[in-house]
Structures are given as C-alpha cells and as structure tokens.
Amino acid sequence: MARSSVRDLTVGSPMKLILGFMLPLLFGMLFQQFYNMVDTIVVGQYLGVNALAGVGSTGSVNFLVLGFVIGLCAGFAIPVAQQFGSKDFEALRKYVGNTIWIAVFFAAVLTTATCLLCTNILQWMNTPEDVFSEAHDYIFVIFMGIPVTFLYNILSGIIRSLGDSRTPVIFLIISSLLNVALDIFMIVVLNSGVSGAGYATVISQLVSGILCLIYIAKRFEILHIKKSDMKPEAYYIGRLCAVGLPMGLQYSITAIGSILLQTAVNGLGSTYVAAVTAGSKVSQFMCCPFDAMGSTMATYGGQNVGAGRVDRVKKGLFSCSLLGVGYAVFALGFVELLGGKAAMLFIKADSGNPEEILELAGQFLMINVSFYVPLAFVNIVRFLIQGMGFSQIAVFAGVFEMAARAFVGLCLVPVLGYIAVCFASPAAWVLADIFLIPAFYGCFGKIRRKIKPEIQYGINGEENTENRSS
C-alpha cells in the first residue's frame with residue numbers, strides 16, 4: 001500500500017483533517033457539476049429553450065435512478081472505511097470482492113428496467129409534449145450508462161474510504177475537460193442533439209472510472225483482490241446490502257418527492273420548467289460544499305467508529321457544522337449581489353421570453369439559498385449517521401424530504417403556483433433536520449455504550465493521540 005495515498009482520520013485535529021479531506025473532494029464535485037452544467041449550457045445556447053426544458057424535465061427521474069446508484073455505492077464504501085479504521089485488511093478485501101458481485105447484479109437489473117420503461121416514465125411524469133422527444137433522447141442515453149455510473153462511484157468511493165480524496169479529483173478534472181470537448185463536438189459539430197450531451201457525459205464518466213481502476217491496481221496493495229476474496233459470502237453481502245440499500249433508497253425516496261414536484265412544474269408549462277432547470281443548475285453548483293462535507297463525514301464517521309474513537313465523532317460534527325454555517329452565510333451574500341444573473345448561462349439570448357425565465361430562475365435561486373443552513377445540517381448529520389453504521393435510520397430523513405416535496409407538488413403548486421415550487425426544497429430540508437438532529441444523538445448514545453471507555457478515550461481517560469497511521 002502506498003503510504004502517501006491514504007489518510008487516517010482517527011488521529012489529529014478534526015478540523016484540519018476534515019478540511020484536508022474535504023477540499024480535494026469539493027474540487028472534484030465542482031468539476032463534476034461543471035461538466036453537468038456544460039451539458040445544460042451547450043444545450044440551452046445551441047439547441048434552445050425546448051431542448052433545455054426537455055433535459056431539465058428529466059432531472060428528478062435522473063436523480064431517482066442515478067441517486068439510488070450513487071447512494072448504494074457510497075453505502076458499500078462504509079464497511080470498507082470501517083475495516084480500514086480497525087486495520088482488518090483481510091475483511092476489507094472481502095468486502096470489496098463481494099461489492100463487485102452486487103454491483104454487477106444491480107447494474108444489469110437497473111439498466112434493463114429503466115431503458116424498457118423510459119417512455120412510460122416520461123408519460124407518467126406528465127412531460128410536456130413540446131419537449132417530450134428531447135427528454136426521451138437524453139435520459140435514454142443516461143440510463144444506458146448506468147453500468148458506467150456504478151464503475152466510477154464504487155471505485156472512487158473505495159479510494160476515498162482509505163482516506164484518499166485527492167486522486168478521484170484529478171480523474172474528474174480529466175473527465176470534465178473531456179466532457180466539455182465532447183459536448184461541443186457532439187452537439188455543434190455532429191449536430192447530434194440532446195442525445196449527444198448524454199453520450200458526452202457517459203463517455204467522460206467511463207474514462208474517470210477506468211482511471212480509478214488503473215490507479216487502484218498500481219497503488220493500493222491492500223486492494224489486490226485474490227480469488228478467495230471474490231467468493232460470494234452471505235455475511236459480507238448481507239452487511240453491504242444492510243448499509244448500501246438504505247442509502248440508495250434514501251436518495252430514491254427523496255427523488256420520489258422531486259418527481260411529484262417536477263410533475264407539478266411540468267404542468268405549469270415549458271417556461272417554468274426552463275426557469276427551474278436554470279435555477280437548479282446554479283443551486284446544485286453552489287451546493288457542492290455541502291455535498292463534500294457530507295461525503296467527508298461519512299468517511300470520518302466510518303473510520304473513527306471502526307477504530308473505536310467515538311470521542312472524536314462529536315468533535316468532527318462540531319467542526320464541520322462551523323464550516324457549513326459559514327459557507328451558507330457566504331452563499332447568501334453572494335446570491336444577494338449576483339441575483340439570477342448566473343442563470344443567463346443557460347438561456348439563449350434570442351429565446352421567446354428570456355427575461356421572464358431569468359426573473360423566475362432568480363426568484364427560485366434566492367429562496368433556496370436563504371435556507372442553506374438547514375441544508376448544511378441535512379448533509380453533515382445524515383452522512384455522519386450513515387458513516388457510524390446507521391443507514392437504516394438515516395433513510396427516514398429521505399422520507400421526510402419526500403413528504404415535504406410531495407405535499408408541495410400535489411397540494412400547494414395547484415393553488416399557489418410557481419412560488420410554492422420555490423419553497424419546496426427548503427421545506428424538505430427543515431423537515432429532515434427535525435428528524436436527523438435528535439436521531440444523531442440517539443445513534444451516538446448507542447455507539448458510545450457499545451465501546452469500552454478505555455478504547456474511546458485511552459487507558460488514562462484522555463484522548464489517545466498516538467500516531468496509528470498505516
């Protein structure tokens with residue numbers, strides 16, 4: 001194992017460790033959002049508002065399916081992080097070997113089901129007729145690329161579980177630049193329409209996944225899988241599914257509410273769909289720090305619980321919360337100055353009603369950013385709970401988010417219109433926090449009672465700061 005490639009998060013200052021792990025991860029997410037935004041910018045600028053609305057109308061079902069994949073893969077990485085924290089490398093390799101079998105199974109099932117039902121899904125979502133063709137062409141390609149999504153997310157998750165958050169960033173930068181070039185080539189040169197944007201995304205992610213695989217093979221000796229490690233074993237499969245499935249379902253349950261909300265937005269017409277798409281793209285980019293904090297806390301919680309260092313969990317929570325609140329305040333001030341101008345990136349200047357779309361997108365963005373403090377805690381606390389090994393509990397946060405968005409979409413949008421759409425996500429974040437914060441203290445108490453005090457705090461009751469690096 002290359003010592004410089006891993007990071008032990010169980011010793012040292014939690015704030016420094018969290019920042020050191022989070023910043024490379026943040027840059028990776030920013031680049032990931034960057035090439036997702038490039039899809040939308042190129043589509044909006046070169047193909048027009050209908051194409052933009054078509055791609056945007058698939059956002060929630062995209063999140064439903066790919067969110068499940070991403071959550072599943074993130075869950076599979078948690079037992080790996082816990083075994084790394086406890087320095088049980090034999091069990092670590094068995095978890096990785098069994099992860100491969102589970103991933104192949106889910107990739108085959110999900111790809112087949114979503115491609116066969118693609119048209120039906122868009123019809124159930126009340127996708128506007130004037131953007132239906134564009135929506136289908138784009139999302140079908142994305143569904144075909146589900147195995148690629150599994151490849152990258154599993155491998156990058158394993159790398160991060162060993163404390164290396166820097167290397168996946170490098171690969172994402174490479175794939176992001178490739179995606180930009182492919183977007184322009186597919187849409188502008190080959191005139192392939194919105195499906196070209198989908199192909200560009202899938203090909204770019206495939207490249208980053210292959211790079212992760214090569215890197216693991218060359219740099220991580222503890223991940224060199226033997227034939228015995230690949231043997232399917234009920235214990236490891238059961239443990240992986242017990243952690244991964246709730247995390248995947250959490251994303252999907254949340255997405256169900258988003259689908260119901262998107263269906264309501266679709267009913268308002270393509271102008272509102274385009275406005276929400278543009279506003280959401282800007283918001284997703286600005287939310288990357290919260291996503292990075294969440295992923296960091298999953299690894300931080302997994303390693304420290306695996307090592308029995310429960311004393312460090314609350315310290316990490318406090319440190320990351322300070323970062324989250326600080327960024328939320330900064331983001332609000334930034335949007336106050338910028339307004340909805342950033343949405344201009346996605347709107348073609350000669351569209352039928354660009355001013356109205358920009359005004360609506362700015363309203364959506366401002367309301368969402370005003371509630372970034374609750375969003376910070378949703379990400380930090382939820383992922384920390386999952387890293388501690390309580391994925392089944394954290395999934396209920398997704399239920400609360402789903403309920404809030406479903407209520408807004410089904411009950412409030414028909415009465416209040418677009419303004420209700422703007423408050424849907426803030427309502428979901430607040431409701432999730434009402435559940436998550438008490439749930440964390442319950443989970444923390446359970447872990448604390450299970451681990452002996454001399455392990456938590458050292459033999460003399462003080463924090464053990466001995467360097468236990470691998």
# chains A, B, ... in the order shown; residues from 1 in each chain; ligands from 1
call {"tool": "closest_atom_pairs", "arguments": {"of": "stretch 258-359 of chain A", "to": "stretch 369-393 of chain A", "cutoff": "12 Å", "atoms": "only C-alpha atoms", "output": "Markdown table"}}
result
| residue | atom | partner | partner_atom | distance |
| --- | --- | --- | --- | --- |
| A:Gly279 | CA | A:Val369 | CA | 10.7 |
| A:Ser280 | CA | A:Val369 | CA | 10.8 |
| A:Val282 | CA | A:Val369 | CA | 10.4 |
| A:Ser283 | CA | A:Val369 | CA | 7.5 |
| A:Gln284 | CA | A:Val369 | CA | 10.5 |
| A:Phe285 | CA | A:Val369 | CA | 11.6 |
| A:Met286 | CA | A:Val369 | CA | 8.7 |
| A:Cys287 | CA | A:Tyr372 | CA | 8.3 |
| A:Cys288 | CA | A:Ala376 | CA | 10.6 |
| A:Pro289 | CA | A:Ala376 | CA | 8.8 |
| A:Phe290 | CA | A:Ala376 | CA | 5.6 |
| A:Asp291 | CA | A:Asn379 | CA | 6.5 |
| A:Ala292 | CA | A:Asn379 | CA | 8.8 |
| A:Met293 | CA | A:Ile380 | CA | 6.0 |
| A:Gly294 | CA | A:Ile380 | CA | 4.7 |
| A:Ser295 | CA | A:Phe383 | CA | 6.6 |
| A:Thr296 | CA | A:Phe383 | CA | 8.3 |
| A:Met297 | CA | A:Leu384 | CA | 5.0 |
| A:Ala298 | CA | A:Gly387 | CA | 4.1 |
| A:Thr299 | CA | A:Gly387 | CA | 6.1 |
| A:Tyr300 | CA | A:Gly387 | CA | 7.2 |
| A:Gly301 | CA | A:Gly387 | CA | 4.6 |
| A:Gly302 | CA | A:Gly387 | CA | 4.4 |
| A:Gln303 | CA | A:Gly387 | CA | 8.1 |
| A:Asn304 | CA | A:Met388 | CA | 8.3 |
| A:Val305 | CA | A:Met388 | CA | 6.0 |
| A:Gly306 | CA | A:Met388 | CA | 8.3 |
| A:Ala307 | CA | A:Met388 | CA | 11.1 |
| A:Gly308 | CA | A:Met388 | CA | 10.6 |
| A:Arg309 | CA | A:Met388 | CA | 11.0 |
| A:Val310 | CA | A:Met388 | CA | 9.3 |
| A:Arg312 | CA | A:Met388 | CA | 11.8 |
| A:Val313 | CA | A:Leu384 | CA | 8.4 |
| A:Lys314 | CA | A:Leu384 | CA | 9.9 |
| A:Lys315 | CA | A:Leu384 | CA | 11.9 |
| A:Gly316 | CA | A:Leu384 | CA | 9.2 |
| A:Leu317 | CA | A:Ile380 | CA | 7.4 |
| A:Phe318 | CA | A:Ile380 | CA | 9.9 |
| A:Ser319 | CA | A:Ile380 | CA | 10.4 |
| A:Cys320 | CA | A:Ile380 | CA | 7.2 |
| A:Ser321 | CA | A:Phe377 | CA | 7.0 |
| A:Leu322 | CA | A:Ala376 | CA | 9.8 |
| A:Leu323 | CA | A:Ala376 | CA | 9.0 |
| A:Gly324 | CA | A:Ala376 | CA | 5.3 |
| A:Val325 | CA | A:Val373 | CA | 5.6 |
| A:Gly326 | CA | A:Val373 | CA | 8.8 |
| A:Tyr327 | CA | A:Val373 | CA | 8.6 |
| A:Ala328 | CA | A:Tyr372 | CA | 5.2 |
| A:Val329 | CA | A:Val373 | CA | 7.9 |
| A:Phe330 | CA | A:Val369 | CA | 10.1 |
| A:Ala331 | CA | A:Val369 | CA | 6.9 |
| A:Leu332 | CA | A:Val369 | CA | 5.8 |
| A:Gly333 | CA | A:Val369 | CA | 9.4 |
| A:Phe334 | CA | A:Val369 | CA | 9.7 |
| A:Val335 | CA | A:Val369 | CA | 7.6 |
| A:Glu336 | CA | A:Val369 | CA | 9.5 |
| A:Gly339 | CA | A:Val369 | CA | 10.8 |
| A:Gly340 | CA | A:Val369 | CA | 11.6 |
call {"tool": "select_by_dssp", "arguments": {"residues": "stretch 132-346 of chain A", "states": "alpha helix (DSSP H)", "output": "PyMOL selection string"}}
result
chain A and resi 132-144+146-161+167-183+194-219+234-268+270-286+288-306+311-338
call {"tool": "closest_residue", "arguments": {"among": "A:Ala394, A:Leu410, A:Ala200, A:Ala404", "to": "A:Gly267", "atoms": "only C-alpha atoms"}}
result
A:Leu410
call {"tool": "atom_distance", "arguments": {"atom1": "atom CA of A:Leu162", "atom2": "atom CA of A:Val80"}}
result
7.8 Å
call {"tool": "closest_residue", "arguments": {"among": "A:Thr201, A:Ser86, A:Thr271, A:Ser192", "to": "A:Val180", "atoms": "only C-alpha atoms"}}
result
A:Thr201
call {"tool": "residues_around", "arguments": {"residues": "A:Ile237", "least_positions_apart": "5", "cutoff": "12 Å", "atoms": "only C-alpha atoms", "output": "ChimeraX atom specification"}}
result
/A:76,79,94-103,230-232,242-245
call {"tool": "write_last_selection", "arguments": {"atoms": "N, CA, C and O atoms", "output": "PDB file, in the first residue's frame"}}
result
ATOM      1  N   PHE A  76     -21.715   1.004   0.128  1.00  0.00           N
ATOM      2  CA  PHE A  76     -20.757  -0.095   0.023  1.00  0.00           C
ATOM      3  C   PHE A  76     -19.372   0.317   0.530  1.00  0.00           C
ATOM      4  O   PHE A  76     -18.598  -0.521   1.001  1.00  0.00           O
ATOM      5  N   PRO A  79     -18.466   0.040   5.002  1.00  0.00           N
ATOM      6  CA  PRO A  79     -17.769  -1.076   5.660  1.00  0.00           C
ATOM      7  C   PRO A  79     -16.284  -1.119   5.317  1.00  0.00           C
ATOM      8  O   PRO A  79     -15.470  -1.529   6.154  1.00  0.00           O
ATOM      9  N   LYS A  94     -12.396  -8.669   1.329  1.00  0.00           N
ATOM     10  CA  LYS A  94     -13.597  -9.477   1.115  1.00  0.00           C
ATOM     11  C   LYS A  94     -14.818  -8.590   0.856  1.00  0.00           C
ATOM     12  O   LYS A  94     -15.691  -8.925   0.043  1.00  0.00           O
ATOM     13  N   TYR A  95     -14.889  -7.463   1.550  1.00  0.00           N
ATOM     14  CA  TYR A  95     -15.983  -6.526   1.285  1.00  0.00           C
ATOM     15  C   TYR A  95     -15.893  -5.998  -0.144  1.00  0.00           C
ATOM     16  O   TYR A  95     -16.912  -5.897  -0.851  1.00  0.00           O
ATOM     17  N   VAL A  96     -14.687  -5.676  -0.577  1.00  0.00           N
ATOM     18  CA  VAL A  96     -14.510  -5.175  -1.941  1.00  0.00           C
ATOM     19  C   VAL A  96     -14.883  -6.246  -2.961  1.00  0.00           C
ATOM     20  O   VAL A  96     -15.586  -5.971  -3.944  1.00  0.00           O
ATOM     21  N   GLY A  97     -14.440  -7.482  -2.745  1.00  0.00           N
ATOM     22  CA  GLY A  97     -14.764  -8.569  -3.662  1.00  0.00           C
ATOM     23  C   GLY A  97     -16.251  -8.819  -3.781  1.00  0.00           C
ATOM     24  O   GLY A  97     -16.781  -9.007  -4.886  1.00  0.00           O
ATOM     25  N   ASN A  98     -16.947  -8.813  -2.659  1.00  0.00           N
ATOM     26  CA  ASN A  98     -18.395  -9.037  -2.697  1.00  0.00           C
ATOM     27  C   ASN A  98     -19.145  -7.839  -3.258  1.00  0.00           C
ATOM     28  O   ASN A  98     -20.226  -7.989  -3.844  1.00  0.00           O
ATOM     29  N   THR A  99     -18.572  -6.639  -3.106  1.00  0.00           N
ATOM     30  CA  THR A  99     -19.179  -5.448  -3.697  1.00  0.00           C
ATOM     31  C   THR A  99     -19.268  -5.582  -5.213  1.00  0.00           C
ATOM     32  O   THR A  99     -20.261  -5.167  -5.828  1.00  0.00           O
ATOM     33  N   ILE A 100     -18.249  -6.183  -5.819  1.00  0.00           N
ATOM     34  CA  ILE A 100     -18.235  -6.336  -7.279  1.00  0.00           C
ATOM     35  C   ILE A 100     -19.434  -7.143  -7.754  1.00  0.00           C
ATOM     36  O   ILE A 100     -20.122  -6.765  -8.721  1.00  0.00           O
ATOM     37  N   TRP A 101     -19.714  -8.253  -7.070  1.00  0.00           N
ATOM     38  CA  TRP A 101     -20.850  -9.095  -7.474  1.00  0.00           C
ATOM     39  C   TRP A 101     -22.174  -8.351  -7.332  1.00  0.00           C
ATOM     40  O   TRP A 101     -23.034  -8.418  -8.226  1.00  0.00           O
ATOM     41  N   ILE A 102     -22.356  -7.656  -6.225  1.00  0.00           N
ATOM     42  CA  ILE A 102     -23.614  -6.930  -6.008  1.00  0.00           C
ATOM     43  C   ILE A 102     -23.785  -5.838  -7.055  1.00  0.00           C
ATOM     44  O   ILE A 102     -24.876  -5.626  -7.589  1.00  0.00           O
ATOM     45  N   ALA A 103     -22.692  -5.139  -7.371  1.00  0.00           N
ATOM     46  CA  ALA A 103     -22.764  -4.048  -8.340  1.00  0.00           C
ATOM     47  C   ALA A 103     -23.142  -4.554  -9.731  1.00  0.00           C
ATOM     48  O   ALA A 103     -23.957  -3.927 -10.425  1.00  0.00           O
ATOM     49  N   MET A 230     -12.963 -12.968  -3.840  1.00  0.00           N
ATOM     50  CA  MET A 230     -14.089 -12.804  -4.770  1.00  0.00           C
ATOM     51  C   MET A 230     -15.210 -13.804  -4.522  1.00  0.00           C
ATOM     52  O   MET A 230     -16.267 -13.711  -5.146  1.00  0.00           O
ATOM     53  N   LYS A 231     -14.995 -14.754  -3.603  1.00  0.00           N
ATOM     54  CA  LYS A 231     -16.031 -15.740  -3.330  1.00  0.00           C
ATOM     55  C   LYS A 231     -17.229 -15.070  -2.654  1.00  0.00           C
ATOM     56  O   LYS A 231     -17.079 -14.430  -1.613  1.00  0.00           O
ATOM     57  N   PRO A 232     -18.433 -15.189  -3.237  1.00  0.00           N
ATOM     58  CA  PRO A 232     -19.611 -14.585  -2.597  1.00  0.00           C
ATOM     59  C   PRO A 232     -19.867 -15.214  -1.232  1.00  0.00           C
ATOM     60  O   PRO A 232     -19.921 -16.440  -1.100  1.00  0.00           O
ATOM     61  N   ALA A 242     -27.109  -4.201   3.836  1.00  0.00           N
ATOM     62  CA  ALA A 242     -27.719  -3.554   5.001  1.00  0.00           C
ATOM     63  C   ALA A 242     -27.320  -2.091   5.097  1.00  0.00           C
ATOM     64  O   ALA A 242     -28.089  -1.252   5.595  1.00  0.00           O
ATOM     65  N   VAL A 243     -26.112  -1.761   4.615  1.00  0.00           N
ATOM     66  CA  VAL A 243     -25.661  -0.374   4.635  1.00  0.00           C
ATOM     67  C   VAL A 243     -25.984   0.330   3.320  1.00  0.00           C
ATOM     68  O   VAL A 243     -26.461   1.466   3.302  1.00  0.00           O
ATOM     69  N   GLY A 244     -25.736  -0.349   2.200  1.00  0.00           N
ATOM     70  CA  GLY A 244     -25.886   0.290   0.905  1.00  0.00           C
ATOM     71  C   GLY A 244     -27.320   0.520   0.475  1.00  0.00           C
ATOM     72  O   GLY A 244     -27.655   1.598  -0.033  1.00  0.00           O
ATOM     73  N   LEU A 245     -28.188  -0.490   0.657  1.00  0.00           N
ATOM     74  CA  LEU A 245     -29.568  -0.342   0.193  1.00  0.00           C
ATOM     75  C   LEU A 245     -30.304   0.809   0.867  1.00  0.00           C
ATOM     76  O   LEU A 245     -30.989   1.581   0.192  1.00  0.00           O
TER      77      LEU A 245
END
call {"tool": "residues_around", "arguments": {"residues": "A:Phe21", "least_positions_apart": "3", "cutoff": "8 Å", "atoms": "only C-alpha atoms", "output": "ChimeraX atom specification"}}
result
/A:17-18,24-25,163-166,296
call {"tool": "write_last_selection", "arguments": {"atoms": "C-alpha atoms", "output": "PDB file, in the first residue's frame"}}
result
ATOM      1  CA  LEU A  17      -8.472  16.522   8.887  1.00  0.00           C
ATOM      2  CA  ILE A  18     -11.972  17.425   7.683  1.00  0.00           C
ATOM      3  CA  PRO A  24      -9.983  17.897  -2.793  1.00  0.00           C
ATOM      4  CA  LEU A  25     -13.399  16.266  -2.680  1.00  0.00           C
ATOM      5  CA  GLY A 163      -8.613   8.483   3.133  1.00  0.00           C
ATOM      6  CA  ASP A 164      -7.511   9.482  -0.387  1.00  0.00           C
ATOM      7  CA  SER A 165      -9.878  12.198  -1.569  1.00  0.00           C
ATOM      8  CA  ARG A 166      -7.321  13.835  -3.883  1.00  0.00           C
ATOM      9  CA  THR A 296     -16.278  13.680   4.255  1.00  0.00           C
TER      10      THR A 296
END
call {"tool": "residues_around", "arguments": {"residues": "A:Thr114", "least_positions_apart": "2", "cutoff": "10 Å", "atoms": "only C-alpha atoms", "output": "ChimeraX atom specification"}}
result
/A:65,109-112,116-121,139-140,142-144,146
call {"tool": "write_last_selection", "arguments": {"atoms": "N, CA and C atoms", "output": "compact mmCIF listing (two decimals), in the first residue's frame"}}
result
# COMPACT_ATOMS: atom_id res chain seq x y z
N VAL A 65 -33.00 7.43 -10.22
CA VAL A 65 -32.25 6.24 -10.62
C VAL A 65 -30.77 6.37 -10.27
N VAL A 109 -29.86 -5.14 -13.70
CA VAL A 109 -31.30 -5.00 -13.45
C VAL A 109 -31.77 -3.58 -13.73
N LEU A 110 -31.05 -2.59 -13.19
CA LEU A 110 -31.48 -1.21 -13.35
C LEU A 110 -31.39 -0.74 -14.79
N THR A 111 -30.33 -1.11 -15.49
CA THR A 111 -30.19 -0.69 -16.89
C THR A 111 -31.31 -1.26 -17.74
N THR A 112 -31.59 -2.53 -17.58
CA THR A 112 -32.66 -3.17 -18.36
C THR A 112 -34.01 -2.55 -18.07
N LEU A 116 -36.23 -0.07 -20.76
CA LEU A 116 -37.51 -0.59 -21.25
C LEU A 116 -38.68 0.32 -20.88
N LEU A 117 -38.59 0.96 -19.72
CA LEU A 117 -39.70 1.78 -19.22
C LEU A 117 -39.51 3.28 -19.44
N CYS A 118 -38.49 3.65 -20.20
CA CYS A 118 -38.15 5.07 -20.35
C CYS A 118 -39.33 5.91 -20.83
N THR A 119 -39.98 5.48 -21.90
CA THR A 119 -41.12 6.24 -22.44
C THR A 119 -42.26 6.31 -21.44
N ASN A 120 -42.55 5.19 -20.79
CA ASN A 120 -43.64 5.17 -19.81
C ASN A 120 -43.37 6.12 -18.65
N ILE A 121 -42.12 6.16 -18.19
CA ILE A 121 -41.76 7.02 -17.06
C ILE A 121 -42.03 8.49 -17.40
N ILE A 139 -32.47 11.16 -21.65
CA ILE A 139 -32.47 10.29 -20.47
C ILE A 139 -32.23 8.84 -20.87
N PHE A 140 -32.60 8.43 -22.08
CA PHE A 140 -32.35 7.05 -22.51
C PHE A 140 -30.85 6.77 -22.55
N ILE A 142 -28.54 8.34 -20.79
CA ILE A 142 -28.08 8.34 -19.41
C ILE A 142 -28.37 6.99 -18.75
N PHE A 143 -29.56 6.44 -19.00
CA PHE A 143 -29.91 5.13 -18.45
C PHE A 143 -29.01 4.03 -19.01
N MET A 144 -28.66 4.12 -20.28
CA MET A 144 -27.76 3.13 -20.87
C MET A 144 -26.39 3.16 -20.20
N ILE A 146 -25.77 3.49 -16.99
CA ILE A 146 -25.82 3.12 -15.57
C ILE A 146 -24.63 2.25 -15.14
call {"tool": "closest_residue", "arguments": {"among": "A:Ile419, A:Ile159, A:Val69, A:Leu431", "to": "A:Ala397", "atoms": "only C-alpha atoms"}}
result
A:Leu431
